[in-house]
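Participant: Data: my_file.txt, compact mmCIF, C-alpha atoms.
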# COMPACT_ATOMS: atom_id res chain seq x y z
CA MET A 233 113.86 51.74 19.19
CA TRP A 234 110.21 52.38 20.04
CA PRO A 235 108.17 49.18 20.35
CA GLU A 236 105.31 48.51 18.03
CA TYR A 237 101.95 47.79 19.62
CA THR A 238 101.59 44.07 20.26
CA GLU A 239 98.71 42.12 21.67
CA GLN A 240 100.73 39.35 23.25
CA SER A 241 99.85 40.16 26.82
CA ASP A 242 96.12 40.38 26.16
CA ASN A 243 93.67 37.97 27.61
CA PHE A 244 91.48 35.83 25.37
CA GLY A 245 93.72 35.85 22.32
CA GLY A 246 93.76 39.62 21.86
CA LYS A 247 90.03 39.90 21.30
CA ASN A 248 89.41 41.94 24.42
CA LYS A 249 91.30 45.22 24.53
CA MET A 250 90.12 46.57 27.88
CA ILE A 251 90.58 43.63 30.21
CA ARG A 252 94.12 42.33 30.18
CA VAL A 253 96.67 41.15 32.68
CA THR A 254 99.36 43.79 33.02
CA ASP A 255 102.90 42.54 33.53
CA ASP A 256 103.90 45.69 35.39
CA VAL A 257 104.88 45.20 39.04
CA ILE A 258 104.12 48.77 40.15
CA ILE A 259 100.55 48.85 38.85
CA LYS A 260 99.75 45.36 40.15
CA THR A 261 101.15 46.01 43.63
CA ILE A 262 99.49 49.40 44.10
CA ALA A 263 96.16 48.05 42.86
CA ARG A 264 96.40 45.12 45.27
CA VAL A 265 97.33 47.41 48.18
CA LEU A 266 94.67 50.03 47.48
CA THR A 267 91.69 47.74 46.80
CA PRO A 268 90.87 46.90 50.46
CA PHE A 269 91.16 50.54 51.48
CA ILE A 270 88.80 51.58 48.68
CA GLN A 271 86.31 48.96 49.84
CA VAL A 272 86.50 50.10 53.48
CA TYR A 273 85.95 53.68 52.31
CA ALA A 274 82.92 52.55 50.30
CA LEU A 275 81.43 50.88 53.40
CA TYR A 276 82.09 54.10 55.34
CA VAL A 277 80.24 56.13 52.71
CA ILE A 278 77.27 53.72 52.83
CA MET A 279 77.13 53.65 56.64
CA HIS A 280 77.31 57.45 57.03
CA GLY A 281 74.75 58.07 54.31
CA HIS A 282 72.15 59.56 56.62
CA HIS A 283 74.30 62.15 58.40
CA SER A 284 76.98 63.14 55.89
CA PRO A 285 77.28 63.34 52.10
CA GLY A 286 77.08 59.93 50.51
CA GLY A 287 74.75 57.01 50.68
CA GLY A 288 73.89 53.81 48.92
CA PHE A 289 74.46 54.96 45.34
CA GLN A 290 77.82 56.62 45.94
CA GLY A 291 79.10 53.82 48.16
CA GLY A 292 77.99 51.20 45.66
CA VAL A 293 79.80 52.98 42.86
CA ILE A 294 83.00 53.15 44.94
CA LEU A 295 82.72 49.42 45.70
CA ALA A 296 82.25 48.72 41.99
CA ALA A 297 85.28 50.92 41.23
CA SER A 298 87.46 48.79 43.47
CA LEU A 299 86.32 45.66 41.64
CA ILE A 300 86.86 47.31 38.24
CA LEU A 301 90.38 48.31 39.34
CA LEU A 302 91.04 44.68 40.21
CA LEU A 303 89.59 43.58 36.85
CA ILE A 304 91.66 45.92 34.66
CA THR A 305 94.91 45.21 36.50
CA HIS A 306 94.71 41.52 37.42
CA GLY A 307 92.48 40.23 34.63
CA TRP A 308 89.33 38.20 34.60
CA ALA A 309 90.82 34.92 35.87
CA GLU A 310 91.87 36.54 39.15
CA THR A 311 88.70 38.62 39.60
CA LYS A 312 86.45 35.64 38.92
CA LYS A 313 87.56 34.09 42.21
CA LYS A 314 86.20 37.13 44.05
CA PHE A 315 83.21 38.21 41.99
CA SER A 316 81.98 35.96 39.19
CA GLU A 317 79.17 36.66 36.74
CA THR A 318 76.82 34.38 38.64
CA LYS A 319 77.46 36.36 41.81
CA THR A 320 76.81 39.59 39.87
CA ALA A 321 73.35 38.42 38.88
CA VAL A 322 72.58 37.17 42.38
CA PHE A 323 73.72 40.42 44.04
CA CYS A 324 71.63 42.51 41.59
CA ALA A 325 68.54 40.62 42.69
CA VAL A 326 69.41 40.48 46.41
CA GLY A 327 69.88 44.26 46.70
CA VAL A 328 66.50 44.99 45.14
CA LEU A 329 64.98 42.29 47.34
CA ILE A 330 66.34 43.96 50.51
CA TYR A 331 65.02 47.37 49.39
CA THR A 332 61.58 46.11 48.43
CA GLY A 333 61.42 43.75 51.37
CA ILE A 334 61.88 46.56 53.87
CA GLY A 335 59.31 48.65 52.00
CA VAL A 336 56.72 45.88 51.94
CA LEU A 337 57.43 44.99 55.58
CA CYS A 338 56.38 48.54 56.46
CA ILE A 339 53.05 47.92 54.67
CA PHE A 340 52.58 44.70 56.67
CA MET A 341 53.24 46.61 59.90
CA GLY A 342 50.42 48.99 59.04
CA GLY A 343 52.10 51.96 57.35
CA ASN A 344 52.81 53.12 53.82
CA PHE A 345 55.53 51.78 51.50
CA LEU A 346 58.95 52.60 53.10
CA ASP A 347 57.26 54.09 56.19
CA TYR A 348 60.12 53.14 58.52
CA GLY A 349 58.56 54.44 61.72
CA LYS A 350 56.21 51.46 61.80
CA LEU A 351 59.17 49.07 62.06
CA GLY A 352 59.69 50.17 65.67
CA GLY A 353 57.46 47.40 67.05
CA LEU A 354 59.40 44.76 65.14
CA LEU A 355 62.89 46.04 66.05
CA MET A 356 61.94 46.85 69.71
CA VAL A 357 63.06 50.51 69.39
CA ILE A 358 61.34 53.90 69.35
CA PRO A 359 60.07 55.12 65.94
CA PRO A 360 62.87 57.73 65.28
CA GLU A 361 65.54 55.08 65.81
CA ALA A 362 63.55 52.66 63.65
CA ARG A 363 63.54 55.30 60.89
CA SER A 364 67.34 55.59 61.06
CA LEU A 365 67.79 51.80 60.97
CA GLY A 366 65.29 51.45 58.13
CA ILE A 367 67.13 54.02 56.01
CA LEU A 368 70.39 52.17 56.73
CA GLY A 369 68.90 48.87 55.61
CA VAL A 370 67.50 50.38 52.43
CA GLU A 371 70.85 51.99 51.64
CA ILE A 372 72.67 48.68 52.10
CA GLY A 373 70.28 47.15 49.57
CA VAL A 374 70.79 50.04 47.13
CA GLY A 375 74.57 49.77 47.57
CA ILE A 376 74.64 46.05 46.77
CA THR A 377 72.53 46.51 43.63
CA VAL A 378 74.50 49.52 42.38
CA MET A 379 77.79 47.67 42.89
CA ALA A 380 76.62 44.63 40.95
CA VAL A 381 75.05 46.66 38.14
CA MET A 382 78.06 48.99 37.69
CA PHE A 383 80.41 46.02 37.58
CA SER A 384 78.14 44.27 35.12
CA ILE A 385 77.90 47.36 32.87
CA PHE A 386 81.68 47.73 32.76
CA PHE A 387 82.14 44.03 32.16
CA ASP A 388 79.57 43.84 29.36
CA THR A 389 80.81 46.96 27.53
CA SER A 390 84.44 45.88 27.75
CA THR A 391 83.84 42.34 26.54
CA GLY A 392 81.35 43.39 23.89
CA GLY A 393 78.75 40.87 25.04
CA ASN A 394 80.85 37.73 24.65
CA SER A 395 81.59 36.51 28.12
CA PRO A 396 85.11 35.11 28.49
CA GLU A 397 83.60 32.60 30.88
CA ASP A 398 81.69 31.05 27.96
CA GLU A 399 84.88 30.89 25.89
CA THR A 400 86.90 29.18 28.60
CA THR A 401 84.20 26.63 29.37
CA SER A 402 83.66 25.90 25.66
CA SER A 403 87.39 25.42 25.15
CA LEU A 404 87.53 23.03 28.07
CA ARG A 405 84.83 20.84 26.56
CA MET B 266 98.87 78.14 68.26
CA MET B 267 99.57 81.15 66.05
CA LEU B 268 102.87 79.58 64.94
CA ILE B 269 101.12 76.38 63.75
CA LYS B 270 98.70 78.42 61.63
CA ILE B 271 101.57 80.38 60.07
CA ILE B 272 103.34 77.09 59.23
CA ALA B 273 100.08 75.74 57.76
CA VAL B 274 99.69 78.80 55.54
CA ILE B 275 103.30 78.45 54.40
CA PHE B 276 102.63 74.81 53.45
CA MET B 277 99.52 75.78 51.50
CA LEU B 278 101.33 78.58 49.68
CA ALA B 279 104.11 76.13 48.73
CA GLY B 280 101.43 73.76 47.43
CA LEU B 281 99.90 76.56 45.34
CA PHE B 282 103.36 77.36 43.95
CA PHE B 283 103.82 73.76 42.81
CA PHE B 284 100.30 73.69 41.31
CA THR B 285 101.21 76.80 39.30
CA THR B 286 104.48 75.35 38.03
CA ALA B 287 102.75 72.09 37.10
CA THR B 288 100.11 73.99 35.14
CA ILE B 289 102.73 76.09 33.36
CA GLY B 290 104.51 72.86 32.46
CA LEU B 291 101.25 71.35 31.16
CA LEU B 292 100.66 74.37 28.95
CA ARG B 293 104.20 75.00 27.71
CA PHE B 294 105.89 71.62 27.26
CA PRO B 295 105.94 70.23 23.71
CA ASP B 296 104.67 66.66 23.89
CA PHE B 297 102.73 64.07 25.89
CA TYR B 298 105.55 62.57 27.95
CA SER B 299 107.03 65.85 29.16
CA ARG B 300 103.59 67.22 30.02
CA LEU B 301 102.88 64.08 32.03
CA HIS B 302 106.25 64.47 33.69
CA ALA B 303 105.42 68.01 34.79
CA THR B 304 101.90 67.36 36.05
CA GLY B 305 102.55 63.94 37.56
CA LYS B 306 105.32 65.11 39.85
CA GLY B 307 104.16 68.67 40.46
CA ASP B 308 100.55 67.89 41.29
CA THR B 309 101.46 65.03 43.63
CA LEU B 310 103.72 67.23 45.75
CA ALA B 311 101.26 70.14 45.57
CA VAL B 312 98.31 68.04 46.75
CA PHE B 313 100.39 66.58 49.57
CA LEU B 314 101.56 70.02 50.75
CA CYS B 315 98.07 71.53 50.51
CA PHE B 316 96.48 68.71 52.51
CA LEU B 317 99.28 68.79 55.08
CA GLY B 318 98.69 72.52 55.51
CA LEU B 319 94.93 72.04 55.78
CA SER B 320 95.27 69.34 58.44
CA LEU B 321 97.71 71.47 60.45
CA TYR B 322 95.34 74.44 60.19
CA ASN B 323 92.41 72.31 61.35
CA GLY B 324 94.13 71.28 64.57
CA PHE B 325 94.37 67.86 66.24
CA ASN B 326 91.08 66.04 65.59
CA LEU B 327 89.41 63.34 63.50
CA THR B 328 88.88 65.57 60.47
CA SER B 329 92.59 66.33 60.11
CA LEU B 330 93.34 62.60 60.39
CA LYS B 331 90.95 61.97 57.50
CA ILE B 332 92.67 64.72 55.48
CA LEU B 333 96.03 63.06 56.16
CA PHE B 334 94.63 59.71 54.97
CA ILE B 335 93.50 61.38 51.73
CA ALA B 336 96.99 62.85 51.31
CA VAL B 337 98.68 59.47 51.78
CA PHE B 338 96.37 57.71 49.32
CA MET B 339 96.82 60.52 46.79
CA CYS B 340 100.58 60.05 47.10
CA LEU B 341 100.14 56.33 46.37
CA ALA B 342 97.59 56.56 43.58
CA GLN B 343 98.65 59.61 41.60
CA PRO B 344 102.18 58.51 40.56
CA THR B 345 100.82 55.05 39.77
CA ALA B 346 98.17 56.51 37.48
CA THR B 347 100.78 58.67 35.75
CA HIS B 348 102.99 55.63 35.35
CA ALA B 349 100.14 53.58 33.89
CA ILE B 350 99.17 56.30 31.40
CA SER B 351 102.72 56.92 30.20
CA ARG B 352 103.37 53.17 29.96
CA ALA B 353 100.23 52.69 27.88
CA ALA B 354 101.33 55.51 25.55
CA PHE B 355 104.81 54.00 25.21
CA ARG B 356 103.47 50.57 24.41
CA CYS B 357 101.08 51.97 21.82
CA GLY B 358 104.11 53.39 20.01
CA LEU B 359 103.76 57.12 20.72
CA LYS B 360 107.10 58.71 19.87
CA PRO B 361 108.50 61.47 22.07
CA TRP B 362 109.25 64.94 20.79
CA MET B 363 112.81 65.56 19.60
CA LYS B 364 114.71 68.48 18.13
CA GLU B 365 115.04 68.74 14.34
CA GLY B 366 117.72 66.39 12.98
CA GLU B 367 117.88 64.28 16.12
CA ASN B 368 115.23 61.76 15.13
CA LYS B 369 116.41 58.22 15.60
Translate the structure of the given file into structure tokens.
Facilitator:
Amino acid sequence: MWPEYTEQSDNFGGKNKMIRVTDDVIIKTIARVLTPFIQVYALYVIMHGHHSPGGGFQGGVILAASLILLLITHGWAETKKKFSETKTAVFCAVGVLIYTGIGVLCIFMGGNFLDYGKLGGLLMVIPPEARSLGILGVEIGVGITVMAVMFSIFFDTSTGGNSPEDETTSSLR
Amino acid sequence: MMLIKIIAVIFMLAGLFFFTTATIGLLRFPDFYSRLHATGKGDTLAVFLCFLGLSLYNGFNLTSLKILFIAVFMCLAQPTATHAISRAAFRCGLKPWMKEGENK
């Protein structure tokens, strides 16, 4: 009466136990409905980082959680269209580049590293407003990097280091 | 204004009642499925009632709208998570508790 555990519905020939396409309508539909709302909430957390709890790290983790939800419900083939491994590597680098770029720009404008007040001349605003905008820019960079790294950590631990992308391309050849 | 606060407190007390029953069910029921049954339903209703009471108590502003959003998303996500967990347990072959002599 009770079904034995089968690995038919798994991706990649049952090798990967964490990432699989579920055949359940409820889980798929709710995950698809909730993902955009989670992402909007993550952007809200990043944007309000400097006058309410939250910030780049928390918002980035929430963004990564929405992608991980998509990955564990819809499988790798569907998630790859939105966020592939190449994009993960690129976003890791771009976030750090934004953070460091703003910091080094402050040095070029005559201040210390991450001394946002000196950006006022460049942005045509008074120094307090430049500080607020600088913190926002740095937090966007932190958020992008944290999202990419969290997604990459989950992906690497769940696949055990063998990327399914390699397997599919090698089987196509 | 006083009436709205009384209604809000009644909602929150109802939510606390359902939290208590869900916790008693979690502690007293015999196996995984019935415990999930108690907490999945009880906590969902309790969270919804508590947040409804809080947003009524807070009045008509942006914060209460945010609380209502949280309540709606909890109502969507919590039963789905319960469903996913129980489905995973069923597919892994976990057998439910039965009385002696009734095992199929």
Participant: I need the residue nearest Lys331 in chain B from this list: A:Pro268, A:Tyr273, A:Asp388, A:Met382. Use all atoms listed in the file for the distance.
Facilitator: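 Checking each of A:Pro268, A:Tyr273, A:Asp388, A:Met382 against Lys331 in chain B, counting all atoms listed in the file, the winner is A:Tyr273.
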Participant: For Phe387 in chain A, which residue among A:Ala362, A:Ile278, A:Leu299, A:Ile258 is the nearest when counting all atoms listed in the file?
Facilitator: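 The answer is A:Leu299, which sits nearest to Phe387 in chain A.
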Participant: Calculate how many Å separate CA of Phe313 in chain B from CA of Ala336 in chain B, rounding to one decimal.
Facilitator: 5.3 Å
Participant: Per residue of chain B within 6 Å of chain A, record the nearest atom pair and its distance in Å to one decimal, counting all atoms listed in the file, with rows in chain order and ascending residue number, as JSON lines.
Facilitator:
{"residue": "B:Arg356", "atom": "CA", "partner": "A:Tyr237", "partner_atom": "CA", "distance": 5.7}
{"residue": "B:Cys357", "atom": "CA", "partner": "A:Tyr237", "partner_atom": "CA", "distance": 4.8}
{"residue": "B:Gly358", "atom": "CA", "partner": "A:Glu236", "partner_atom": "CA", "distance": 5.4}
Participant: Edge lengths and centre in Å to one decimal, as lines of an AutoDock Vina configuration file, of the axis-aligned box that encloses all listed atoms of range 335-346 of chain A with 4 Å added on every side?
Facilitator:
center_x = 54.9
center_y = 48.9
center_z = 55.7
size_x = 16.9
size_y = 16.4
size_z = 16.4
Participant: Can you list, as a list in words, every protein, DNA or RNA residue that comes within 12 Å of Met277 in chain B when you count only C-alpha atoms, leaving out same-chain residues fewer than 2 positions away?
Facilitator: Lys270, Ile271, Ile272, Ala273, Val274, Ile275, Ala279, Gly280, Leu281, Phe282, Phe283, Phe284, Leu310, Ala311, Val312, Phe313, Leu314, Cys315, Phe316, Leu317, Gly318, Leu319, Ser320, Leu321 and Tyr322 of chain B
Participant: Rounded to one decimal place, report the CA of Thr377 in chain A-CA of Phe289 in chain A distance in Å.
Facilitator: 8.8 Å
Participant: Which of these, B:Leu341, B:Ala287, B:Met266, B:Met363, has the shortest distance to Asn323 in chain B once you count only C-alpha atoms?
Facilitator: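 Going through B:Leu341, B:Ala287, B:Met266, B:Met363 one by one, the smallest distance to Asn323 in chain B is for B:Met266.
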Participant: Which residue gives the smallest distance to Leu301 in chain B among B:Thr285, B:Thr328, B:Thr345, B:Ser351, with all atoms listed in the file counted?
Facilitator: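 Result for the nearest residue to Leu301 in chain B: B:Ser351.
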Participant: With all atoms listed in the file as the basis for distance, which of B:Leu268, B:Phe294, B:Thr309, B:Thr286 is at the shortest distance from Phe338 in chain B?
Facilitator: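 Smallest separation from Phe338 in chain B among the options: B:Thr309.
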Participant: In Å, with one decimal, what is the gap from CA of Gly352 in chain A to CA of Gly292 in chain A?
Facilitator: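 Computed distance, CA of Gly352 in chain A to CA of Gly292 in chain A, equals 27.1 Å.
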Participant: Could you check the closest approach to Val326 in chain A for each of A:Asp255, A:Ile339, A:Val370, A:Met279 and tell me which residue wins, using all atoms listed in the file?
Facilitator: A:Val370
